[in-house]
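Below is my_file_30.cif, which holds mmCIF, C-alpha atoms.
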```cif
data_query
loop_
_atom_site.label_atom_id
_atom_site.label_comp_id
_atom_site.auth_asym_id
_atom_site.auth_seq_id
_atom_site.Cartn_x
_atom_site.Cartn_y
_atom_site.Cartn_z
CA MET H 1 -9.41 -41.54 7.92
CA PRO H 2 -8.15 -41.01 11.48
CA ALA H 3 -5.28 -38.71 12.24
CA PRO H 4 -1.80 -40.34 12.46
CA PRO H 5 -0.93 -41.66 15.94
CA GLY H 6 0.59 -38.98 18.16
CA SER H 7 -0.51 -36.07 15.95
CA PRO H 8 -3.10 -33.58 17.19
CA ASP H 9 -6.52 -33.84 15.59
CA PRO H 10 -7.71 -30.31 14.64
CA TYR H 11 -11.33 -31.48 14.93
CA ASP H 12 -10.91 -32.27 18.63
CA ALA H 13 -10.33 -28.57 19.39
CA PRO H 14 -13.17 -26.27 20.50
CA MET H 15 -15.30 -24.81 17.71
CA PHE H 16 -14.27 -21.25 18.60
CA PRO H 17 -10.87 -21.30 20.35
CA VAL H 18 -10.67 -18.25 22.60
CA ARG H 19 -7.20 -17.11 21.66
CA THR H 20 -7.14 -17.70 17.92
CA VAL H 21 -10.72 -17.17 16.80
CA VAL H 22 -12.53 -15.18 19.49
CA LEU H 23 -9.70 -12.80 20.43
CA GLY H 24 -7.94 -13.02 17.09
CA ALA H 25 -10.94 -12.16 14.89
CA PHE H 26 -14.35 -11.96 16.56
CA VAL H 27 -13.52 -9.34 19.22
CA PRO H 28 -11.52 -7.06 16.86
CA SER H 29 -14.29 -7.33 14.28
CA LEU H 30 -17.01 -6.42 16.78
CA VAL H 31 -15.08 -3.47 18.21
CA PHE H 32 -13.97 -2.15 14.82
CA GLU H 33 -17.49 -2.28 13.38
CA ILE H 34 -18.93 -0.44 16.39
CA GLY H 35 -16.77 2.53 15.38
CA VAL H 36 -17.82 2.30 11.74
CA GLY H 37 -21.48 1.97 12.74
CA ALA H 38 -21.22 5.02 14.99
CA MET H 39 -19.75 7.02 12.10
CA LEU H 40 -22.36 6.15 9.49
CA PRO H 41 -25.28 8.31 10.72
CA ILE H 42 -23.22 11.44 11.35
CA ILE H 43 -21.25 11.82 8.11
CA ALA H 44 -24.01 13.76 6.34
CA PRO H 45 -24.80 16.04 9.33
CA THR H 46 -21.09 16.77 9.71
CA ALA H 47 -20.83 17.70 6.03
CA VAL H 48 -23.87 19.96 6.30
CA GLY H 49 -22.31 21.62 9.33
CA LEU H 50 -19.23 22.35 7.21
CA GLY H 51 -21.38 24.13 4.62
CA ALA H 52 -22.37 21.34 2.24
CA SER H 53 -25.75 21.12 0.58
CA LEU H 54 -27.78 17.96 1.10
CA ALA H 55 -26.65 16.65 -2.29
CA VAL H 56 -22.98 17.24 -1.52
CA ALA H 57 -23.42 15.74 1.96
CA ALA H 58 -24.80 12.59 0.31
CA VAL H 59 -21.69 12.39 -1.90
CA VAL H 60 -19.44 12.75 1.15
CA ALA H 61 -21.34 9.95 2.90
CA ALA H 62 -20.93 7.81 -0.23
CA MET H 63 -17.14 8.05 0.14
CA LEU H 64 -17.29 5.25 2.72
CA PRO H 65 -18.55 2.49 0.38
CA ILE H 66 -16.51 3.97 -2.46
CA GLY H 67 -13.39 3.58 -0.33
CA GLN H 68 -14.34 -0.03 0.38
CA ILE H 69 -14.81 -0.78 -3.32
CA ILE H 70 -11.56 0.91 -4.36
CA ALA H 71 -9.53 -0.93 -1.71
CA ASP H 72 -10.97 -4.41 -2.25
CA LEU H 73 -8.43 -5.56 -4.86
CA PRO H 74 -5.36 -3.88 -3.28
CA ALA H 75 -6.47 -5.35 0.06
CA GLY H 76 -5.95 -8.87 -1.24
CA ALA H 77 -2.52 -8.03 -2.60
CA LEU H 78 -1.51 -6.35 0.66
CA ALA H 79 -2.66 -9.28 2.79
CA ALA H 80 -0.79 -11.70 0.53
CA LYS H 81 2.39 -9.62 0.70
CA VAL H 82 2.63 -8.71 4.40
CA GLY H 83 0.39 -11.38 5.97
CA ASP H 84 -3.16 -11.27 7.25
CA ARG H 85 -2.46 -10.11 10.79
CA ARG H 86 -0.06 -7.38 9.68
CA ALA H 87 -2.62 -6.20 7.14
CA MET H 88 -5.22 -6.01 9.93
CA VAL H 89 -2.82 -3.98 12.08
CA LEU H 90 -1.99 -1.60 9.22
CA ALA H 91 -5.70 -1.17 8.43
CA GLY H 92 -6.44 -0.48 12.08
CA LEU H 93 -3.75 2.20 12.26
CA VAL H 94 -5.04 3.85 9.07
CA ALA H 95 -8.56 3.74 10.52
CA VAL H 96 -7.34 5.48 13.70
CA LEU H 97 -5.87 8.32 11.61
CA ALA H 98 -8.94 8.45 9.37
CA PHE H 99 -11.39 8.69 12.28
CA LEU H 100 -9.21 11.37 13.87
CA GLY H 101 -9.06 13.25 10.59
CA ALA H 102 -12.85 13.19 10.35
CA ALA H 103 -13.17 14.46 13.91
CA LEU H 104 -10.81 17.37 13.26
CA ALA H 105 -11.76 18.05 9.64
CA PRO H 106 -11.82 21.82 8.98
CA GLY H 107 -13.54 21.46 5.61
CA LEU H 108 -15.35 19.17 3.22
CA VAL H 109 -12.23 18.00 1.38
CA THR H 110 -10.57 16.77 4.56
CA LEU H 111 -13.78 15.11 5.71
CA SER H 112 -14.22 13.38 2.34
CA VAL H 113 -10.65 12.06 2.35
CA ALA H 114 -11.05 10.83 5.93
CA VAL H 115 -14.29 9.02 5.13
CA LEU H 116 -12.74 7.51 1.99
CA ALA H 117 -9.73 6.31 4.01
CA THR H 118 -12.03 4.79 6.63
CA GLY H 119 -13.81 2.80 3.94
CA ALA H 120 -10.50 1.62 2.48
CA ALA H 121 -9.19 0.61 5.91
CA SER H 122 -12.43 -1.26 6.60
CA ALA H 123 -12.06 -3.21 3.35
CA VAL H 124 -8.50 -4.26 4.18
CA PHE H 125 -9.42 -5.19 7.76
CA ASN H 126 -12.43 -7.24 6.65
CA LEU H 127 -10.58 -9.14 3.93
CA ALA H 128 -7.56 -9.85 6.12
CA ARG H 129 -9.63 -11.22 9.00
CA HIS H 130 -11.55 -13.53 6.61
CA SER H 131 -8.29 -14.79 5.17
CA TYR H 132 -6.85 -15.23 8.68
CA LEU H 133 -9.79 -17.33 9.82
CA THR H 134 -9.71 -19.39 6.63
CA GLU H 135 -6.07 -20.27 7.25
CA ILE H 136 -6.31 -21.19 10.94
CA THR H 137 -9.66 -23.02 10.83
CA PRO H 138 -9.95 -26.71 9.81
CA PRO H 139 -11.90 -27.08 6.52
CA LEU H 140 -15.05 -28.62 8.01
CA ARG H 141 -15.39 -25.77 10.49
CA ARG H 142 -14.80 -22.82 8.18
CA ALA H 143 -18.44 -22.37 7.21
CA ARG H 144 -19.56 -22.07 10.83
CA VAL H 145 -16.67 -19.84 11.83
CA LEU H 146 -17.06 -17.48 8.87
CA SER H 147 -20.85 -17.29 9.22
CA THR H 148 -20.39 -16.43 12.89
CA LEU H 149 -17.90 -13.75 11.89
CA ALA H 150 -20.50 -12.28 9.54
CA GLY H 151 -22.96 -12.17 12.44
CA VAL H 152 -20.41 -10.47 14.68
CA HIS H 153 -19.79 -7.91 11.91
CA ARG H 154 -23.50 -7.09 11.70
CA ILE H 155 -23.91 -6.94 15.47
CA GLY H 156 -21.09 -4.41 15.62
CA GLN H 157 -22.67 -2.19 12.98
CA PHE H 158 -26.05 -2.53 14.74
CA LEU H 159 -24.62 -1.47 18.09
CA GLY H 160 -22.51 1.32 16.60
CA PRO H 161 -25.24 3.95 16.13
CA PHE H 162 -26.56 3.37 19.66
CA VAL H 163 -23.12 3.66 21.23
CA GLY H 164 -22.49 6.71 19.05
CA ALA H 165 -25.72 8.29 20.27
CA LEU H 166 -24.57 7.80 23.86
CA VAL H 167 -21.26 9.59 23.32
CA ILE H 168 -22.93 12.36 21.30
CA HIS H 169 -25.69 12.97 23.87
CA GLY H 170 -25.02 16.21 25.67
CA GLY H 171 -21.85 16.83 23.67
CA ASP H 172 -20.48 17.37 20.18
CA VAL H 173 -21.50 15.20 17.24
CA ARG H 174 -17.81 14.72 16.46
CA ASN H 175 -17.49 12.63 19.62
CA ALA H 176 -18.71 9.71 17.52
CA TYR H 177 -15.56 10.00 15.39
CA LEU H 178 -13.46 9.96 18.56
CA LEU H 179 -15.31 6.79 19.51
CA GLY H 180 -14.12 5.40 16.17
CA VAL H 181 -10.55 6.34 17.08
CA ALA H 182 -10.89 4.39 20.33
CA THR H 183 -12.53 1.33 18.76
CA ALA H 184 -10.03 1.13 15.88
CA ALA H 185 -7.13 1.45 18.34
CA ALA H 186 -8.65 -1.21 20.62
CA ALA H 187 -9.19 -3.61 17.69
CA THR H 188 -5.61 -3.09 16.51
CA LEU H 189 -4.20 -3.61 19.99
CA THR H 190 -6.20 -6.83 20.38
CA VAL H 191 -4.78 -8.19 17.11
CA LEU H 192 -1.26 -7.28 18.23
CA LEU H 193 -1.63 -8.98 21.62
CA VAL H 194 -2.96 -12.27 20.22
CA ARG H 195 -0.13 -14.60 19.26
CA GLU H 196 0.06 -15.77 15.67
CA THR H 197 -1.32 -19.25 14.98
CA ALA H 198 -0.04 -21.74 12.44
CA PRO H 199 -2.39 -22.49 9.52
CA ALA H 200 -4.72 -25.43 9.95
CA GLU H 201 -3.34 -28.64 8.52
CA ARG H 202 -4.92 -29.78 5.30
CA VAL H 203 -6.91 -32.98 5.68
CA PRO H 204 -7.17 -35.53 2.83
CA ALA H 205 -10.42 -35.41 0.87
CA GLY H 206 -11.37 -38.94 1.92
CA SER H 207 -11.02 -37.99 5.56
CA LEU H 208 -13.19 -34.92 5.04
CA ARG H 209 -15.96 -36.97 3.48
CA ALA H 210 -15.77 -39.53 6.27
CA ARG H 211 -16.00 -36.84 8.97
CA ALA H 212 -18.81 -35.06 7.19
CA ALA H 213 -20.82 -38.30 7.02
CA ALA H 214 -20.18 -39.04 10.71
#
```
Would you kindly transcribe this structure into structure tokens?
Amino acid sequence: MPAPPGSPDPYDAPMFPVRTVVLGAFVPSLVFEIGVGAMLPIIAPTAVGLGASLAVAAVVAAMLPIGQIIADLPAGALAAKVGDRRAMVLAGLVAVLAFLGAALAPGLVTLSVAVLATGAASAVFNLARHSYLTEITPPLRRARVLSTLAGVHRIGQFLGPFVGALVIHGGDVRNAYLLGVATAAAATLTVLLVRETAPAERVPAGSLRARAAA
């Protein structure tokens, strides 16, 4: 079923609009995950440097996925209460503090809390950006947009260790945490600078089937 005369057709827009999708979700996701990826390989060495045994260092490293698991359900409630973009901004700010706390951690307890908070912030950021894209993307394009987002997420985590190695080379291993501070701040700033977009209009089921067959 064609769109009503005079009304914009959401399917005539580019697949990945620069402002709403690329700058609003893809770029923040890539930058944020570079920081997380840079952090992953150095958590255990940092814990060992603070006096932990290998077993304890492994537990400290496990705080990252534990934080993600713990925050998954509250993340949905937070995004529903304050909005997706605000949830992303709040998660980015928490991530900045968490990365900074890991960089300056004087002991294992502080490091563990910082890693746990990073995992929780990552969970909120990830859920909010998925919800954001789901709302602003027309139904027939959501699969492509979300699958591309997943690829951007993995590219960021792939690049993270390499970028982290560059900032660590010839310096302190904690420089990788400072990289995380910079990437989390950059991702948050990008979300703030991109104007909010109205949710995609719902299209009748008959129209969806007709477009899918075309």
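As for atom CA of Ala165 of chain H and atom CA of Leu179 of chain H, they are spaced 10.5 Å apart.
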>> Show me, as a list in words, the residues that have an atom within 9 Å of Val56 of chain H when counting all atoms listed in the file, minus same-chain residues fewer than 6 positions from it.
In response: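 Everything that qualifies: Ala44, Ala47 and Val48 of chain H.
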Within 7 Å of segment 77-90 of chain H, counting only C-alpha atoms, which residues show up once you throw out same-chain ones fewer than 4 positions away? Write them as a PDB file with C-alpha atoms, keeping the file's coordinate frame, please.
```
ATOM      1  CA  LEU H  73      -8.430  -5.560  -4.860  1.00  0.00           C
ATOM      2  CA  VAL H  94      -5.040   3.850   9.070  1.00  0.00           C
ATOM      3  CA  VAL H 124      -8.500  -4.260   4.180  1.00  0.00           C
ATOM      4  CA  PHE H 125      -9.420  -5.190   7.760  1.00  0.00           C
ATOM      5  CA  ALA H 128      -7.560  -9.850   6.120  1.00  0.00           C
ATOM      6  CA  ARG H 129      -9.630 -11.220   9.000  1.00  0.00           C
ATOM      7  CA  SER H 131      -8.290 -14.790   5.170  1.00  0.00           C
ATOM      8  CA  TYR H 132      -6.850 -15.230   8.680  1.00  0.00           C
ATOM      9  CA  THR H 188      -5.610  -3.090  16.510  1.00  0.00           C
ATOM     10  CA  VAL H 191      -4.780  -8.190  17.110  1.00  0.00           C
TER      11      VAL H 191
END
```
> Care to translate the PyMOL selection byres ((chain H and resi 93) around 12) into actual residues of this file, as a PyMOL selection string?
Replying inline: chain H and resi 32+86-92+94-100+117-118+120-122+124-125+180-189+191-192
>> If I take atom CA of Ile168 of chain H and atom CA of Gly107 of chain H, how far is one from the other in Å, to one decimal?
In response: 20.4 Å
> Which value, in Å to one decimal, gives the distance between atom CA of Gly151 of chain H and atom CA of Ala123 of chain H?
Replying inline: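 That distance, rounded to one decimal, is 16.8 Å.
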Padding 3 Å on every side, please: axis-aligned box over the listed atoms of segment 101-107 of chain H, centre and edge lengths to one decimal in Å, as lines of an AutoDock Vina configuration file.
```
center_x = -11.3
center_y = 17.5
center_z = 9.8
size_x = 10.5
size_y = 14.6
size_z = 14.3
```
Selected segment 17-135 of chain H, written as a short mmCIF file (atom, residue, chain, number, x, y, z; two decimals), in the first residue's frame, C-alpha atoms:
```
data_model
loop_
_atom_site.label_atom_id
_atom_site.label_comp_id
_atom_site.auth_asym_id
_atom_site.auth_seq_id
_atom_site.Cartn_x
_atom_site.Cartn_y
_atom_site.Cartn_z
CA PRO H 17 21.22 8.01 7.21
CA VAL H 18 24.41 9.77 8.26
CA ARG H 19 22.98 11.83 11.09
CA THR H 20 20.58 9.39 12.73
CA VAL H 21 22.15 5.98 12.17
CA VAL H 22 25.84 6.48 11.37
CA LEU H 23 26.56 9.33 13.79
CA GLY H 24 23.78 8.46 16.21
CA ALA H 25 24.72 4.80 16.73
CA PHE H 26 27.44 3.33 14.49
CA VAL H 27 30.23 5.82 15.30
CA PRO H 28 29.57 5.89 19.09
CA SER H 29 29.42 2.10 19.11
CA LEU H 30 32.71 1.74 17.24
CA VAL H 31 34.53 4.26 19.41
CA PHE H 32 33.12 2.94 22.69
CA GLU H 33 34.03 -0.66 21.86
CA ILE H 34 37.60 0.31 20.93
CA GLY H 35 38.05 1.41 24.54
CA VAL H 36 36.51 -1.78 25.91
CA GLY H 37 38.63 -3.89 23.56
CA ALA H 38 41.79 -2.08 24.65
CA MET H 39 40.92 -2.77 28.29
CA LEU H 40 40.26 -6.49 27.96
CA PRO H 41 43.86 -7.78 27.59
CA ILE H 42 45.32 -5.67 30.39
CA ILE H 43 42.91 -6.30 33.28
CA ALA H 44 44.70 -9.45 34.45
CA PRO H 45 48.23 -7.97 34.13
CA THR H 46 47.09 -4.90 36.04
CA ALA H 47 45.67 -7.07 38.83
CA VAL H 48 48.90 -9.08 39.00
CA GLY H 49 50.85 -5.83 39.22
CA LEU H 50 48.71 -4.88 42.22
CA GLY H 51 49.67 -8.11 43.99
CA ALA H 52 46.98 -10.55 42.85
CA SER H 53 47.65 -14.19 42.14
CA LEU H 54 46.74 -15.53 38.71
CA ALA H 55 43.51 -16.97 40.09
CA VAL H 56 42.49 -13.67 41.68
CA ALA H 57 43.48 -11.79 38.52
CA ALA H 58 41.14 -14.06 36.55
CA VAL H 59 38.29 -13.18 38.94
CA VAL H 60 39.01 -9.47 38.51
CA ALA H 61 38.93 -9.87 34.72
CA ALA H 62 35.61 -11.72 35.06
CA MET H 63 34.09 -8.62 36.66
CA LEU H 64 33.57 -7.16 33.17
CA PRO H 65 31.07 -9.78 31.91
CA ILE H 66 29.59 -10.04 35.40
CA GLY H 67 28.87 -6.31 35.30
CA GLN H 68 27.23 -6.73 31.91
CA ILE H 69 25.01 -9.54 33.17
CA ILE H 70 24.02 -7.70 36.35
CA ALA H 71 23.11 -4.52 34.46
CA ASP H 72 21.14 -6.13 31.62
CA LEU H 73 17.72 -5.98 33.31
CA PRO H 74 18.17 -2.55 34.98
CA ALA H 75 19.46 -1.26 31.63
CA GLY H 76 16.09 -1.89 30.02
CA ALA H 77 14.24 -0.16 32.84
CA LEU H 78 16.61 2.82 32.71
CA ALA H 79 16.26 3.22 28.94
CA ALA H 80 12.47 3.03 29.24
CA LYS H 81 12.42 5.64 32.01
CA VAL H 82 14.86 8.28 30.75
CA GLY H 83 14.95 7.51 27.02
CA ASP H 84 17.47 5.67 24.87
CA ARG H 85 19.77 8.58 24.08
CA ARG H 86 19.88 9.79 27.69
CA ALA H 87 20.65 6.25 28.81
CA MET H 88 23.53 6.13 26.32
CA VAL H 89 24.86 9.44 27.65
CA LEU H 90 24.60 8.30 31.27
CA ALA H 91 26.33 5.01 30.42
CA GLY H 92 29.09 6.89 28.61
CA LEU H 93 29.70 9.15 31.60
CA VAL H 94 29.82 6.17 33.97
CA ALA H 95 32.25 4.46 31.59
CA VAL H 96 34.51 7.55 31.64
CA LEU H 97 34.65 7.41 35.45
CA ALA H 98 35.10 3.63 35.45
CA PHE H 99 38.01 3.72 32.99
CA LEU H 100 39.60 6.53 34.99
CA GLY H 101 39.11 4.57 38.20
CA ALA H 102 40.84 1.55 36.66
CA ALA H 103 43.73 3.72 35.50
CA LEU H 104 44.23 5.20 38.96
CA ALA H 105 43.28 2.13 41.02
CA PRO H 106 45.57 1.84 44.06
CA GLY H 107 44.43 -1.69 44.90
CA LEU H 108 42.49 -4.73 43.76
CA VAL H 109 39.16 -3.64 45.27
CA THR H 110 39.15 -0.36 43.36
CA LEU H 111 40.20 -2.09 40.16
CA SER H 112 37.47 -4.72 40.56
CA VAL H 113 34.78 -2.09 41.14
CA ALA H 114 36.00 -0.09 38.13
CA VAL H 115 35.95 -3.15 35.87
CA LEU H 116 32.48 -4.11 37.15
CA ALA H 117 31.20 -0.58 36.48
CA THR H 118 32.67 -0.66 32.98
CA GLY H 119 30.78 -3.86 32.24
CA ALA H 120 27.55 -2.38 33.60
CA ALA H 121 27.99 0.81 31.57
CA SER H 122 28.68 -1.26 28.46
CA ALA H 123 25.44 -3.21 28.97
CA VAL H 124 23.37 -0.03 29.30
CA PHE H 125 25.06 1.58 26.29
CA ASN H 126 24.56 -1.50 24.12
CA LEU H 127 20.91 -1.99 25.02
CA ALA H 128 20.06 1.69 24.62
CA ARG H 129 21.65 1.96 21.17
CA HIS H 130 19.76 -1.17 19.98
CA SER H 131 16.51 0.29 21.26
CA TYR H 132 17.32 3.65 19.66
CA LEU H 133 17.92 2.09 16.26
CA THR H 134 14.80 -0.05 16.54
CA GLU H 135 12.70 3.06 17.13
#
```
